[in-house]
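Asker: Got a file for you: protein_27.csv, CSV, N, CA and C atoms.
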chain,number,residue,atom,x,y,z
B,1,MET,N,68.6,169.2,33.2
B,1,MET,CA,67.3,169.3,32.5
B,1,MET,C,67.6,169.1,31.0
B,2,GLU,N,68.7,169.7,30.6
B,2,GLU,CA,69.1,169.5,29.2
B,2,GLU,C,69.3,168.1,28.8
B,3,GLN,N,70.0,167.4,29.6
B,3,GLN,CA,70.3,165.9,29.4
B,3,GLN,C,69.0,165.1,29.4
B,4,ALA,N,68.1,165.4,30.3
B,4,ALA,CA,66.8,164.7,30.3
B,4,ALA,C,66.0,164.9,29.1
B,5,ALA,N,66.1,166.2,28.6
B,5,ALA,CA,65.3,166.5,27.3
B,5,ALA,C,65.9,165.7,26.2
B,6,LEU,N,67.3,165.6,26.1
B,6,LEU,CA,67.9,164.8,25.1
B,6,LEU,C,67.5,163.4,25.1
B,7,LEU,N,67.4,162.8,26.3
B,7,LEU,CA,67.0,161.4,26.5
B,7,LEU,C,65.6,161.3,26.0
B,8,ARG,N,64.7,162.2,26.5
B,8,ARG,CA,63.3,162.0,26.1
B,8,ARG,C,63.0,162.1,24.6
B,9,THR,N,63.9,162.9,23.9
B,9,THR,CA,63.7,163.0,22.5
B,9,THR,C,64.6,162.0,21.7
B,10,ARG,N,65.2,161.1,22.5
B,10,ARG,CA,66.0,160.0,22.0
B,10,ARG,C,67.2,160.4,21.2
B,11,ARG,N,67.7,161.6,21.5
B,11,ARG,CA,68.9,162.1,20.9
B,11,ARG,C,70.2,161.7,21.7
B,12,LEU,N,70.3,160.4,21.8
B,12,LEU,CA,71.4,159.8,22.6
B,12,LEU,C,72.8,160.2,22.1
B,13,ASP,N,72.9,160.5,20.8
B,13,ASP,CA,74.2,160.9,20.3
B,13,ASP,C,74.7,162.3,20.8
B,14,ALA,N,73.7,163.1,21.2
B,14,ALA,CA,74.0,164.4,21.8
B,14,ALA,C,74.1,164.4,23.3
B,15,ALA,N,73.6,163.3,23.9
B,15,ALA,CA,73.6,163.2,25.4
B,15,ALA,C,75.0,162.9,26.0
B,16,ASP,N,75.2,163.5,27.2
B,16,ASP,CA,76.5,163.2,27.9
B,16,ASP,C,76.2,162.0,28.7
B,17,ILE,N,76.4,160.8,28.2
B,17,ILE,CA,76.1,159.5,28.8
B,17,ILE,C,76.9,159.4,30.1
B,18,ASP,N,78.1,159.7,30.1
B,18,ASP,CA,78.9,159.6,31.4
B,18,ASP,C,78.3,160.4,32.5
B,19,ASN,N,77.9,161.7,32.2
B,19,ASN,CA,77.3,162.5,33.2
B,19,ASN,C,76.0,162.0,33.7
B,20,ILE,N,75.2,161.5,32.8
B,20,ILE,CA,73.9,160.9,33.1
B,20,ILE,C,74.1,159.7,34.0
B,21,ALA,N,75.1,158.8,33.7
B,21,ALA,CA,75.3,157.7,34.5
B,21,ALA,C,75.8,158.1,35.9
B,22,GLU,N,76.6,159.1,36.0
B,22,GLU,CA,77.0,159.6,37.3
B,22,GLU,C,75.9,160.1,38.1
B,23,GLU,N,74.9,160.8,37.5
B,23,GLU,CA,73.8,161.3,38.2
B,23,GLU,C,72.9,160.2,38.7
B,24,ILE,N,72.7,159.2,37.9
B,24,ILE,CA,71.9,158.0,38.3
B,24,ILE,C,72.6,157.3,39.5
B,25,GLU,N,73.9,157.1,39.4
B,25,GLU,CA,74.6,156.5,40.6
B,25,GLU,C,74.4,157.4,41.8
B,26,SER,N,74.5,158.7,41.7
B,26,SER,CA,74.4,159.6,42.8
B,26,SER,C,73.0,159.5,43.4
B,27,LEU,N,72.0,159.3,42.6
B,27,LEU,CA,70.6,159.2,43.1
B,27,LEU,C,70.5,157.9,43.9
B,28,GLY,N,71.1,156.8,43.4
B,28,GLY,CA,71.1,155.5,44.1
B,28,GLY,C,71.8,155.6,45.5
B,29,ARG,N,72.9,156.3,45.5
B,29,ARG,CA,73.6,156.5,46.8
B,29,ARG,C,72.8,157.3,47.8
B,30,GLY,N,72.1,158.3,47.3
B,30,GLY,CA,71.2,159.1,48.2
B,30,GLY,C,70.1,158.2,48.7
B,31,GLU,N,69.5,157.4,47.9
B,31,GLU,CA,68.4,156.5,48.4
B,31,GLU,C,68.9,155.5,49.4
B,32,ARG,N,70.2,155.0,49.2
B,32,ARG,CA,70.8,154.1,50.2
B,32,ARG,C,71.1,154.8,51.5
B,33,ARG,N,71.5,156.0,51.4
B,33,ARG,CA,71.7,156.8,52.7
B,33,ARG,C,70.4,157.0,53.4
B,34,GLU,N,69.4,157.3,52.7
B,34,GLU,CA,68.1,157.5,53.3
B,34,GLU,C,67.6,156.2,54.0
B,35,LEU,N,67.9,155.1,53.4
B,35,LEU,CA,67.5,153.8,54.0
B,35,LEU,C,68.3,153.6,55.3
B,36,VAL,N,69.6,153.9,55.3
B,36,VAL,CA,70.4,153.8,56.5
B,36,VAL,C,69.9,154.7,57.6
B,37,ASN,N,69.6,156.0,57.2
B,37,ASN,CA,69.1,157.0,58.2
B,37,ASN,C,67.8,156.5,58.8
B,38,ARG,N,66.8,156.1,58.0
B,38,ARG,CA,65.5,155.6,58.5
B,38,ARG,C,65.7,154.5,59.4
B,39,LEU,N,66.6,153.5,59.0
B,39,LEU,CA,66.8,152.3,59.8
B,39,LEU,C,67.5,152.7,61.1
B,40,ALA,N,68.4,153.6,61.1
B,40,ALA,CA,69.2,154.0,62.3
B,40,ALA,C,68.2,154.6,63.3
B,41,VAL,N,67.3,155.4,62.8
B,41,VAL,CA,66.3,156.1,63.8
B,41,VAL,C,65.4,155.0,64.4
B,42,LEU,N,65.0,154.0,63.6
B,42,LEU,CA,64.2,152.9,64.1
B,42,LEU,C,65.0,152.1,65.1
B,43,LEU,N,66.2,151.7,64.8
B,43,LEU,CA,67.0,150.9,65.7
B,43,LEU,C,67.3,151.7,67.0
B,44,LEU,N,67.5,153.0,66.9
B,44,LEU,CA,67.8,153.8,68.1
B,44,LEU,C,66.6,153.7,69.0
B,45,HIS,N,65.4,153.9,68.5
B,45,HIS,CA,64.2,153.8,69.3
B,45,HIS,C,64.0,152.4,69.9
B,46,LEU,N,64.2,151.4,69.1
B,46,LEU,CA,64.1,150.0,69.6
B,46,LEU,C,65.1,149.7,70.7
B,47,LEU,N,66.3,150.2,70.6
B,47,LEU,CA,67.3,150.0,71.6
B,47,LEU,C,66.8,150.7,72.9
B,48,LYS,N,66.4,151.9,72.8
B,48,LYS,CA,65.9,152.7,74.0
B,48,LYS,C,64.7,152.0,74.6
B,49,TRP,N,63.8,151.5,73.7
B,49,TRP,CA,62.7,150.7,74.2
B,49,TRP,C,63.1,149.5,75.1
B,50,GLN,N,64.1,148.8,74.5
B,50,GLN,CA,64.5,147.6,75.2
B,50,GLN,C,65.3,147.9,76.5
B,51,PHE,N,66.2,148.9,76.4
B,51,PHE,CA,67.1,149.1,77.5
B,51,PHE,C,66.6,150.1,78.5
B,52,GLN,N,65.5,150.8,78.3
B,52,GLN,CA,64.9,151.8,79.2
B,52,GLN,C,63.4,151.5,79.3
B,53,PRO,N,63.0,150.3,79.8
B,53,PRO,CA,61.6,150.0,79.9
B,53,PRO,C,60.8,151.0,80.8
B,54,GLY,N,61.4,151.6,81.7
B,54,GLY,CA,60.7,152.5,82.6
B,54,GLY,C,60.3,153.8,81.9
B,55,PHE,N,60.8,154.1,80.8
B,55,PHE,CA,60.5,155.3,80.1
B,55,PHE,C,59.6,155.2,78.9
B,56,ARG,N,59.1,154.0,78.7
B,56,ARG,CA,58.1,153.7,77.6
B,56,ARG,C,56.9,154.6,77.8
B,57,SER,N,56.4,155.1,76.6
B,57,SER,CA,55.2,155.9,76.6
B,57,SER,C,54.5,155.8,75.3
B,58,PRO,N,53.3,156.2,75.2
B,58,PRO,CA,52.5,156.2,74.0
B,58,PRO,C,53.2,157.0,72.9
B,59,SER,N,53.9,158.1,73.2
B,59,SER,CA,54.5,158.9,72.1
B,59,SER,C,55.8,158.1,71.6
B,60,TRP,N,56.4,157.4,72.5
B,60,TRP,CA,57.6,156.6,72.1
B,60,TRP,C,57.2,155.5,71.2
B,61,SER,N,56.1,154.8,71.5
B,61,SER,CA,55.6,153.7,70.6
B,61,SER,C,55.1,154.3,69.3
B,62,ALA,N,54.6,155.5,69.3
B,62,ALA,CA,54.1,156.1,68.1
B,62,ALA,C,55.4,156.5,67.2
B,63,ALA,N,56.4,156.9,67.8
B,63,ALA,CA,57.7,157.2,67.1
B,63,ALA,C,58.2,155.9,66.4
B,64,ILE,N,58.1,154.8,67.1
B,64,ILE,CA,58.6,153.5,66.5
B,64,ILE,C,57.7,153.1,65.3
B,65,ARG,N,56.4,153.2,65.5
B,65,ARG,CA,55.4,152.9,64.5
B,65,ARG,C,55.6,153.8,63.3
B,66,GLU,N,55.8,155.1,63.5
B,66,GLU,CA,56.0,156.0,62.4
B,66,GLU,C,57.3,155.7,61.6
B,67,GLN,N,58.4,155.3,62.3
B,67,GLN,CA,59.6,155.0,61.6
B,67,GLN,C,59.4,153.7,60.7
B,68,ARG,N,58.7,152.8,61.3
B,68,ARG,CA,58.4,151.5,60.5
B,68,ARG,C,57.7,151.8,59.2
B,69,ILE,N,56.7,152.7,59.3
B,69,ILE,CA,55.9,153.1,58.1
B,69,ILE,C,56.8,153.8,57.1
B,70,ARG,N,57.6,154.8,57.6
B,70,ARG,CA,58.5,155.5,56.7
B,70,ARG,C,59.5,154.6,56.0
B,71,LEU,N,60.0,153.7,56.8
B,71,LEU,CA,61.0,152.7,56.3
B,71,LEU,C,60.4,151.8,55.2
B,72,ARG,N,59.2,151.3,55.5
B,72,ARG,CA,58.5,150.4,54.5
B,72,ARG,C,58.1,151.2,53.3
B,73,ASP,N,57.7,152.4,53.5
B,73,ASP,CA,57.3,153.3,52.3
B,73,ASP,C,58.5,153.6,51.4
B,74,HIS,N,59.7,153.8,52.1
B,74,HIS,CA,60.9,154.1,51.3
B,74,HIS,C,61.3,152.8,50.5
B,75,LEU,N,61.2,151.7,51.1
B,75,LEU,CA,61.5,150.4,50.4
B,75,LEU,C,60.5,150.2,49.3
B,76,ASP,N,59.2,150.5,49.5
B,76,ASP,CA,58.2,150.3,48.5
B,76,ASP,C,58.5,151.2,47.3
B,77,ASP,N,59.0,152.4,47.6
B,77,ASP,CA,59.3,153.4,46.5
B,77,ASP,C,60.6,153.0,45.8
B,78,ASN,N,61.5,152.3,46.5
B,78,ASN,CA,62.8,151.9,46.0
B,78,ASN,C,63.0,150.4,46.2
B,79,PRO,N,62.3,149.5,45.5
B,79,PRO,CA,62.4,148.1,45.8
B,79,PRO,C,63.8,147.5,45.6
B,80,SER,N,64.6,148.1,44.8
B,80,SER,CA,66.0,147.6,44.6
B,80,SER,C,66.9,147.7,45.8
B,81,LEU,N,66.4,148.6,46.8
B,81,LEU,CA,67.2,148.7,48.0
B,81,LEU,C,67.1,147.5,48.9
B,82,ARG,N,66.1,146.6,48.7
B,82,ARG,CA,66.0,145.4,49.5
B,82,ARG,C,67.3,144.5,49.4
B,83,ALA,N,68.0,144.6,48.3
B,83,ALA,CA,69.2,143.9,48.1
B,83,ALA,C,70.4,144.4,49.0
B,84,HIS,N,70.2,145.6,49.5
B,84,HIS,CA,71.2,146.2,50.4
B,84,HIS,C,70.8,146.2,51.9
B,85,LEU,N,69.8,145.5,52.3
B,85,LEU,CA,69.3,145.6,53.6
B,85,LEU,C,70.4,145.1,54.7
B,86,ASP,N,71.1,144.0,54.4
B,86,ASP,CA,72.1,143.6,55.4
B,86,ASP,C,73.2,144.6,55.6
B,87,GLN,N,73.7,145.2,54.6
B,87,GLN,CA,74.7,146.2,54.7
B,87,GLN,C,74.1,147.5,55.4
B,88,ALA,N,72.9,147.8,55.0
B,88,ALA,CA,72.3,149.0,55.6
B,88,ALA,C,72.0,148.8,57.1
B,89,LEU,N,71.6,147.6,57.5
B,89,LEU,CA,71.4,147.3,58.9
B,89,LEU,C,72.7,147.4,59.7
B,90,THR,N,73.8,146.9,59.1
B,90,THR,CA,75.1,147.0,59.8
B,90,THR,C,75.5,148.5,60.0
B,91,ARG,N,75.4,149.3,59.0
B,91,ARG,CA,75.7,150.7,59.0
B,91,ARG,C,74.8,151.5,60.0
B,92,ALA,N,73.5,151.2,59.9
B,92,ALA,CA,72.5,151.9,60.7
B,92,ALA,C,72.7,151.5,62.2
B,93,TYR,N,73.1,150.3,62.5
B,93,TYR,CA,73.2,149.9,63.9
B,93,TYR,C,74.3,150.7,64.5
B,94,ARG,N,75.4,150.9,63.8
B,94,ARG,CA,76.5,151.6,64.4
B,94,ARG,C,76.1,153.0,64.8
B,95,LEU,N,75.3,153.7,63.9
B,95,LEU,CA,74.8,155.0,64.3
B,95,LEU,C,73.8,154.9,65.4
B,96,ALA,N,72.9,153.9,65.4
B,96,ALA,CA,71.9,153.8,66.5
B,96,ALA,C,72.5,153.6,67.8
B,97,VAL,N,73.6,152.9,67.9
B,97,VAL,CA,74.3,152.7,69.2
B,97,VAL,C,74.8,154.0,69.7
B,98,ILE,N,75.4,154.8,68.8
B,98,ILE,CA,76.0,156.1,69.3
B,98,ILE,C,74.8,157.0,69.8
B,99,GLY,N,73.7,157.0,69.0
B,99,GLY,CA,72.6,157.8,69.5
B,99,GLY,C,71.9,157.3,70.8
B,100,ALA,N,71.8,156.0,70.9
B,100,ALA,CA,71.2,155.4,72.1
B,100,ALA,C,72.1,155.7,73.3
B,101,ALA,N,73.4,155.6,73.1
B,101,ALA,CA,74.3,155.9,74.3
B,101,ALA,C,74.2,157.4,74.7
B,102,ARG,N,74.1,158.2,73.7
B,102,ARG,CA,73.9,159.7,73.9
B,102,ARG,C,72.6,160.0,74.7
B,103,GLU,N,71.5,159.3,74.2
B,103,GLU,CA,70.2,159.6,74.7
B,103,GLU,C,69.9,158.9,76.1
B,104,THR,N,70.5,157.8,76.3
B,104,THR,CA,70.3,157.1,77.6
B,104,THR,C,71.3,157.4,78.7
B,105,GLY,N,72.5,157.8,78.3
B,105,GLY,CA,73.5,158.0,79.2
B,105,GLY,C,74.3,156.7,79.5
B,106,PHE,N,73.9,155.6,78.8
B,106,PHE,CA,74.7,154.4,78.9
B,106,PHE,C,75.9,154.4,78.1
B,107,SER,N,76.9,153.6,78.4
B,107,SER,CA,78.1,153.6,77.5
B,107,SER,C,77.7,152.7,76.2
B,108,GLU,N,78.4,153.0,75.2
B,108,GLU,CA,78.2,152.2,73.9
B,108,GLU,C,78.3,150.7,74.1
B,109,SER,N,79.2,150.4,75.1
B,109,SER,CA,79.5,149.0,75.3
B,109,SER,C,78.3,148.3,76.0
B,110,ALA,N,77.3,149.0,76.5
B,110,ALA,CA,76.2,148.4,77.2
B,110,ALA,C,75.2,147.8,76.1
B,111,PHE,N,75.4,148.1,74.9
B,111,PHE,CA,74.5,147.6,73.8
B,111,PHE,C,75.2,146.5,73.1
B,112,PRO,N,74.5,145.6,72.5
B,112,PRO,CA,75.1,144.5,71.7
B,112,PRO,C,76.0,145.0,70.6
B,113,GLN,N,77.1,144.3,70.3
B,113,GLN,CA,78.0,144.7,69.3
B,113,GLN,C,77.5,144.7,67.9
B,114,SER,N,76.5,143.9,67.6
B,114,SER,CA,75.8,143.8,66.3
B,114,SER,C,74.3,143.9,66.5
B,115,ALA,N,73.6,144.3,65.5
B,115,ALA,CA,72.2,144.5,65.6
B,115,ALA,C,71.5,143.3,66.2
B,116,PRO,N,70.8,143.4,67.3
B,116,PRO,CA,70.1,142.3,67.9
B,116,PRO,C,68.8,141.9,67.2
B,117,TYR,N,68.4,142.7,66.3
B,117,TYR,CA,67.1,142.4,65.6
B,117,TYR,C,67.4,142.4,64.1
B,118,PRO,N,67.0,141.3,63.4
B,118,PRO,CA,67.1,141.3,62.0
B,118,PRO,C,66.1,142.3,61.4
B,119,PHE,N,66.4,142.7,60.1
B,119,PHE,CA,65.5,143.7,59.5
B,119,PHE,C,64.1,143.4,59.6
B,120,GLU,N,63.7,142.2,59.2
B,120,GLU,CA,62.3,141.8,59.2
B,120,GLU,C,61.6,142.0,60.6
B,121,GLN,N,62.4,141.6,61.6
B,121,GLN,CA,61.8,141.7,63.0
B,121,GLN,C,61.7,143.2,63.3
B,122,ALA,N,62.8,144.0,63.1
B,122,ALA,CA,62.7,145.4,63.4
B,122,ALA,C,61.6,146.2,62.7
B,123,ALA,N,61.3,145.8,61.5
B,123,ALA,CA,60.2,146.4,60.7
B,123,ALA,C,58.8,145.9,61.0
B,124,ASP,N,58.7,144.8,61.8
B,124,ASP,CA,57.5,144.2,62.1
B,124,ASP,C,56.7,144.9,63.1
B,125,ASP,N,55.5,145.4,62.8
B,125,ASP,CA,54.6,146.1,63.8
B,125,ASP,C,54.4,145.4,65.0
B,126,ALA,N,54.4,144.1,65.0
B,126,ALA,CA,54.1,143.3,66.2
B,126,ALA,C,55.3,143.1,67.1
B,127,PHE,N,56.5,143.5,66.7
B,127,PHE,CA,57.7,143.3,67.4
B,127,PHE,C,58.0,144.5,68.4
B,128,TRP,N,58.2,144.1,69.6
B,128,TRP,CA,58.6,145.1,70.6
B,128,TRP,C,59.6,144.5,71.6
B,129,PRO,N,60.9,144.8,71.4
B,129,PRO,CA,61.9,144.1,72.2
B,129,PRO,C,61.7,144.3,73.7
B,130,GLU,N,62.0,143.2,74.4
B,130,GLU,CA,61.9,143.2,75.9
B,130,GLU,C,63.2,143.1,76.5
Rewrite the structure from the file as structure tokens, please.
Answerer:
Amino acid sequence: MEQAALLRTRRLDAADIDNIAEEIESLGRGERRELVNRLAVLLLHLLKWQFQPGFRSPSWSAAIREQRIRLRDHLDDNPSLRAHLDQALTRAYRLAVIGAARETGFSESAFPQSAPYPFEQAADDAFWPE
């Protein structure tokens, strides 16, 4: 709070610039983690939707729609994250496969080795993998 006050009053000579830079970087890492987490949950649900068609239900489709909204909202709030989507998709997919294997009882090798849906497709309300 002290450092923020110094910045607001333009007392840059008294501000701990290195600490402020570290805090800003830390915030950015947190937002990227949130992107990966949101994307992992969405991909997990899409994998289950695709690989367990007999279990599809209205609540399941609602969970997918909700994650899409939360993901788009997060990107709207943090537009600079769009530059990290490819890396986030790769990281999120690894987590999604682990979760999908746990929740379906399938082995991890039953799922594609890399994300079968590009980000724009996964986030598209009209996309439902078959």
Asker: Restricting the calculation to all atoms listed in the file, which member of B:Ile98, B:Thr104, B:Tyr93, B:Val36 is positioned closest to B:Pro116?
Answerer: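 Selected residue with least distance to B:Pro116: B:Tyr93.
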Asker: List the neighbours of B:Glu2 out to 10 Å using only C-alpha atoms; skip same-chain residues closer than 6 positions along the sequence, and give me the result as number ranges by chain.
Answerer: B: 8, 15-16
Asker: Grab the atom CA of B:Arg10 to atom N of B:Leu81 distance for me, in Å with one decimal place.
Answerer: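 Interatomic distance here is 27.3 Å.
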Asker: Using all atoms listed in the file, pick whichever of B:Gln87, B:Glu130, B:Ile64, B:Leu95 has the shortest atom-to-atom distance to B:Phe51.
Answerer: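 Once distances to B:Phe51 are computed over all atoms listed in the file, the minimum belongs to B:Glu130.
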Asker: So for stretch 7-11 of chain B, what box centre and size do we get, axis-aligned, 6 Å extra on each of the six sides, every listed atom, Å to one decimal, as lines of an AutoDock Vina configuration file?
Answerer:
center_x = 66.6
center_y = 161.5
center_z = 23.7
size_x = 19.2
size_y = 15.0
size_z = 17.6
Asker: Restricting the calculation to all atoms listed in the file, which member of B:Glu34, B:Ser114, B:Pro58, B:Ile17 is positioned closest to B:His74?
Answerer: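 Ranked by minimum distance to B:His74, first place goes to B:Glu34.
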Asker: Do you know which residues are at most 8 Å from B:Gln113 counting all atoms listed in the file, after dropping those on the same chain fewer than 4 positions away, and could you put them as number ranges by chain?
Answerer: B: 93-94, 108-109
Asker: Using only N, CA and C atoms, which of the listed residues (B:Leu35, B:Lys48, B:Ala115, B:Arg65) sits closest to B:Glu103?
Answerer: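 Distance minimum relative to B:Glu103 lands on B:Lys48.
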